[in-house]
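Everything below concerns the one structure shown next.
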Amino acid sequence: MTGVDRRFRSLVVAHAVSAYGTYLNLIALSLFSYEVTGSALGVGAVMAVRLLSGVTAGLAAGAVTARLTRRTLMVATDLAQTLAMVVLALWASRTPLWVLLGAVVVLGAGNTFFNVALRSAVPVMVGQDDRARANGVLVTARSVATVLGFASAAPVISLGGFGVAFGVNAASFAVSAAAVLVLRPRTDTDGDPDRDGDTGGDAVSDPRAAEGGGEGSSPGRGGRLRRRVAGLAGPLLGLIALRGLDALASASHNVALPLAAHAAEPSDPAVFMARFWAAWAVGTLLAHQVLKRRSHGTTWGERAFAIGTCAMSLCFVAAFTGPPAPALIAAAVAAGFADGWTEIVYTSRLQAAPDRQRSRLFGLSATAEQSGFALGTIAAAAALEALPALAVVGVFHGAAACGALVLLLLTVRRRDARSAEDRSDRSSTGGEDHSSTRGEDRSSTSEDRSSTGGDKGEDTHGTSTGASRLPGP
């Protein structure tokens, strides 16, 4: 394991500690908001303020990371969240509403800024070839932190109260900030977009081709690359849109799961939920192991993400059909596997973009995800008043599956169009001109061999045959 790997894994451990505190605090803050506001409407308003601050931060993340280094932003947001939780911990018994709202604004915006900075910095920290494996490590750590945070929330709150829960969360943010300060990971390319293999991933595979020049390049190849680079935003925007739809669908099963737990095990619904989320976490661990062995530096694209989204939606719907316990665990494991798969594939695909675009893409992604989750939470909660959980989850996840199928069809059509374009380019550049050039090259090469016997490579590398061996997309 290299030094860079050790630093990154240490950073992931610290981030997992922070994520544990965050998920513990999700439950603690919801209950605490009810105590402060005294109504379910007040709890919803507090959560809406938190989500809205995250959405706004996502829109501003690209501009902020352009002015600050990602490492500075990560430390600043961790320290701001630490301070916010310390204030809540000290005022837990007599917190006014304006203090609570200020804290949730800091938490919502800070979480978004930190995640955008971290996810966009992964290719710089580990290199483009290892970004899929690094994303798998991050997803695995977050999944374990999710289960532990949810599972320990009840005993921490019952034994120590909200002050202790908020103090634990503050300490977790402090651990994350200290790790970034001590480890000092390299998070920015210092204005050089081509360092550390950061050349834009699938967008451009050869710098000479991207410039449209270089010895042996053809107009057809250069024009084709320019068209593909210009069309890069389309597939990425499609991915981000599907990610937002996926977040909307995920909100439905998060809202409906407590109802399903009470229906399945009314005497102890917490056991049902703990079993479900533990099985889900096992699935995400399996997804990381599979992708780690199969990626080998390959960038997974839109098709893999769309297929994973369809599988995840089907598995979550199956979990709400009332299956026996073994089948429920199997469905939860499969849903976790698909969830981990889509997270790793999606993050790795966005990280293939050039460094100067990456933070803006992840900021836009955070906005889409949080907007989708907020809208899905409100809509699912309203629908559950009149419809059973299976119907609500089925409709929401059905919409996500339909969106994934649309993206899959567009991907197939785009691939067919590219194949047709490639055949057209090959026929236009490989016909008459190639034949005459090859004939001239053979005659000139034969003459050179007979006269000097030494200059074999010069003519060959100057022909279009040599140019066709240049690496291309």
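Labels for the structure tokens follow display order: chains A, B, ..., residues from 1 in each chain, ligands from 1.
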> Got a sec: who's within 8 Å of segment 70-87 of chain A, counting only C-alpha atoms, leaving out chain neighbours fewer than 3 positions off, as a VMD selection string?
Replying inline: chain A and resid 65 90 to 91 103 106 to 107 110 to 111 113 to 114 117 to 118 121 166 to 167 169 to 171 173 to 174 176 to 178 180 to 181 184 to 188
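A straight line drawn from atom CA of Val147 of chain A to atom CA of Leu257 of chain A is 14.6 Å long.
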Check which residues of segment 231-312 of chain A sit at most 8 Å from segment 387-408 of chain A using only C-alpha atoms, and return one row each with the closest pair of atoms and their distance in Å to one decimal, ordered by chain and rising number, as a Markdown table.
| residue | atom | partner | partner_atom | distance |
| --- | --- | --- | --- | --- |
| A:Gly238 | CA | A:Leu407 | CA | 6.8 |
| A:Leu239 | CA | A:Leu407 | CA | 7.8 |
| A:Leu242 | CA | A:Gly403 | CA | 6.2 |
| A:Leu245 | CA | A:Ala400 | CA | 5.6 |
| A:Asp246 | CA | A:Ala400 | CA | 5.5 |
| A:Leu248 | CA | A:Phe396 | CA | 7.3 |
| A:Ala249 | CA | A:Phe396 | CA | 4.8 |
| A:Ser250 | CA | A:His397 | CA | 7.5 |
| A:Ser252 | CA | A:Val393 | CA | 5.5 |
| A:His253 | CA | A:Val393 | CA | 5.9 |
| A:Ala256 | CA | A:Ala389 | CA | 5.7 |
| A:Leu259 | CA | A:Ala389 | CA | 7.3 |
| A:Ala260 | CA | A:Ala389 | CA | 7.0 |
| A:Glu302 | CA | A:Leu408 | CA | 7.2 |
| A:Arg303 | CA | A:Leu408 | CA | 5.6 |
| A:Ala306 | CA | A:Ala404 | CA | 4.6 |
| A:Ile307 | CA | A:Ala404 | CA | 7.1 |
| A:Thr309 | CA | A:Ala404 | CA | 6.4 |
| A:Cys310 | CA | A:Ala401 | CA | 4.7 |
Residues from last step as file, N, CA, C and O atoms, as a PDB file, in the first residue's frame:
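Below is the file selection_5.pdb, written as the result:
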ATOM      1  N   GLY A 238     -27.927  14.162 -18.386  1.00  0.00           N
ATOM      2  CA  GLY A 238     -28.870  13.057 -18.265  1.00  0.00           C
ATOM      3  C   GLY A 238     -28.623  12.225 -17.022  1.00  0.00           C
ATOM      4  O   GLY A 238     -29.567  11.814 -16.328  1.00  0.00           O
ATOM      5  N   LEU A 239     -27.354  11.972 -16.720  1.00  0.00           N
ATOM      6  CA  LEU A 239     -27.007  11.244 -15.494  1.00  0.00           C
ATOM      7  C   LEU A 239     -27.468  12.004 -14.251  1.00  0.00           C
ATOM      8  O   LEU A 239     -28.040  11.417 -13.331  1.00  0.00           O
ATOM      9  N   LEU A 242     -31.236  11.860 -13.836  1.00  0.00           N
ATOM     10  CA  LEU A 242     -31.666  10.554 -13.318  1.00  0.00           C
ATOM     11  C   LEU A 242     -31.294  10.398 -11.855  1.00  0.00           C
ATOM     12  O   LEU A 242     -32.042   9.792 -11.079  1.00  0.00           O
ATOM     13  N   LEU A 245     -33.950  12.075  -9.903  1.00  0.00           N
ATOM     14  CA  LEU A 245     -35.150  11.243  -9.882  1.00  0.00           C
ATOM     15  C   LEU A 245     -34.973  10.050  -8.953  1.00  0.00           C
ATOM     16  O   LEU A 245     -35.918   9.636  -8.265  1.00  0.00           O
ATOM     17  N   ASP A 246     -33.776   9.502  -8.922  1.00  0.00           N
ATOM     18  CA  ASP A 246     -33.463   8.403  -8.007  1.00  0.00           C
ATOM     19  C   ASP A 246     -33.580   8.861  -6.552  1.00  0.00           C
ATOM     20  O   ASP A 246     -34.102   8.131  -5.688  1.00  0.00           O
ATOM     21  N   LEU A 248     -35.533  11.242  -5.469  1.00  0.00           N
ATOM     22  CA  LEU A 248     -36.965  11.383  -5.202  1.00  0.00           C
ATOM     23  C   LEU A 248     -37.585  10.031  -4.868  1.00  0.00           C
ATOM     24  O   LEU A 248     -38.389   9.907  -3.935  1.00  0.00           O
ATOM     25  N   ALA A 249     -37.200   8.992  -5.630  1.00  0.00           N
ATOM     26  CA  ALA A 249     -37.723   7.655  -5.358  1.00  0.00           C
ATOM     27  C   ALA A 249     -37.220   7.124  -4.019  1.00  0.00           C
ATOM     28  O   ALA A 249     -37.966   6.467  -3.276  1.00  0.00           O
ATOM     29  N   SER A 250     -35.965   7.395  -3.686  1.00  0.00           N
ATOM     30  CA  SER A 250     -35.415   6.918  -2.423  1.00  0.00           C
ATOM     31  C   SER A 250     -36.133   7.531  -1.225  1.00  0.00           C
ATOM     32  O   SER A 250     -36.245   6.897  -0.175  1.00  0.00           O
ATOM     33  N   SER A 252     -39.200   7.940  -0.938  1.00  0.00           N
ATOM     34  CA  SER A 252     -40.435   7.199  -0.690  1.00  0.00           C
ATOM     35  C   SER A 252     -40.195   6.008   0.228  1.00  0.00           C
ATOM     36  O   SER A 252     -40.962   5.774   1.171  1.00  0.00           O
ATOM     37  N   HIS A 253     -39.127   5.240  -0.008  1.00  0.00           N
ATOM     38  CA  HIS A 253     -38.929   4.082   0.879  1.00  0.00           C
ATOM     39  C   HIS A 253     -38.385   4.499   2.244  1.00  0.00           C
ATOM     40  O   HIS A 253     -38.609   3.793   3.228  1.00  0.00           O
ATOM     41  N   ALA A 256     -41.634   5.460   3.979  1.00  0.00           N
ATOM     42  CA  ALA A 256     -42.569   4.344   4.150  1.00  0.00           C
ATOM     43  C   ALA A 256     -42.014   3.211   5.011  1.00  0.00           C
ATOM     44  O   ALA A 256     -42.796   2.399   5.513  1.00  0.00           O
ATOM     45  N   LEU A 259     -43.516   2.674   8.503  1.00  0.00           N
ATOM     46  CA  LEU A 259     -44.858   2.117   8.434  1.00  0.00           C
ATOM     47  C   LEU A 259     -44.815   0.621   8.173  1.00  0.00           C
ATOM     48  O   LEU A 259     -45.566  -0.155   8.789  1.00  0.00           O
ATOM     49  N   ALA A 260     -43.932   0.205   7.264  1.00  0.00           N
ATOM     50  CA  ALA A 260     -43.796  -1.217   6.985  1.00  0.00           C
ATOM     51  C   ALA A 260     -43.268  -1.966   8.208  1.00  0.00           C
ATOM     52  O   ALA A 260     -43.673  -3.104   8.477  1.00  0.00           O
ATOM     53  N   GLU A 302     -23.023   5.583 -18.617  1.00  0.00           N
ATOM     54  CA  GLU A 302     -24.448   5.770 -18.419  1.00  0.00           C
ATOM     55  C   GLU A 302     -25.208   4.456 -18.393  1.00  0.00           C
ATOM     56  O   GLU A 302     -26.171   4.295 -17.643  1.00  0.00           O
ATOM     57  N   ARG A 303     -24.801   3.505 -19.232  1.00  0.00           N
ATOM     58  CA  ARG A 303     -25.543   2.244 -19.309  1.00  0.00           C
ATOM     59  C   ARG A 303     -25.485   1.487 -17.988  1.00  0.00           C
ATOM     60  O   ARG A 303     -26.506   0.983 -17.510  1.00  0.00           O
ATOM     61  N   ALA A 306     -27.738   3.287 -15.468  1.00  0.00           N
ATOM     62  CA  ALA A 306     -29.161   3.090 -15.728  1.00  0.00           C
ATOM     63  C   ALA A 306     -29.608   1.685 -15.326  1.00  0.00           C
ATOM     64  O   ALA A 306     -30.670   1.508 -14.712  1.00  0.00           O
ATOM     65  N   ILE A 307     -28.811   0.678 -15.646  1.00  0.00           N
ATOM     66  CA  ILE A 307     -29.167  -0.694 -15.268  1.00  0.00           C
ATOM     67  C   ILE A 307     -29.194  -0.837 -13.752  1.00  0.00           C
ATOM     68  O   ILE A 307     -30.095  -1.468 -13.183  1.00  0.00           O
ATOM     69  N   THR A 309     -29.819   1.498 -11.565  1.00  0.00           N
ATOM     70  CA  THR A 309     -30.982   2.205 -11.032  1.00  0.00           C
ATOM     71  C   THR A 309     -32.247   1.363 -11.181  1.00  0.00           C
ATOM     72  O   THR A 309     -33.074   1.297 -10.261  1.00  0.00           O
ATOM     73  N   CYS A 310     -32.418   0.718 -12.326  1.00  0.00           N
ATOM     74  CA  CYS A 310     -33.578  -0.172 -12.514  1.00  0.00           C
ATOM     75  C   CYS A 310     -33.566  -1.302 -11.487  1.00  0.00           C
ATOM     76  O   CYS A 310     -34.601  -1.611 -10.880  1.00  0.00           O
TER      77      CYS A 310
END
Q.
Taking 2 positions as the minimum chain separation for residues in the same chain, which residues sit within 8 Å of Thr367 of chain A when counting only C-alpha atoms? Answer as a list in words.
A. Gly54, Val55, Thr56, Ala57, Gly58, Leu59, Gly363, Leu364, Ser365, Glu369, Gln370 and Ser371 of chain A
**Surrounding residues of segment 375-379 of chain A excluding itself and chain neighbours under 3 positions, 6 Å, only C-alpha atoms, as a list in words** =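 Contacts, with the query itself left out: Leu248, Ala251, Gly372 and Ala382 of chain A.
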Could you give me, as a ChimeraX atom specification, the residues within 9 Å of Arg358 of chain A, counting only C-alpha atoms and dropping anything in the same chain fewer than 5 positions from it?
/A:62,119-121,350-353,363
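Here atom CA of Arg50 of chain A stands at a distance of 4.8 Å from atom CA of Gly108 of chain A.
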Tell me which protein, DNA and RNA residues are within 12 Å of Ala279 of chain A, counting only C-alpha atoms, leaving out same-chain ones fewer than 2 positions away, and put them as a VMD selection string.
chain A and resid 143 to 144 147 272 to 277 281 to 286 319 325 to 337
Atom CA of Leu24 of chain A to atom CA of Asn115 of chain A measures 17.8 Å
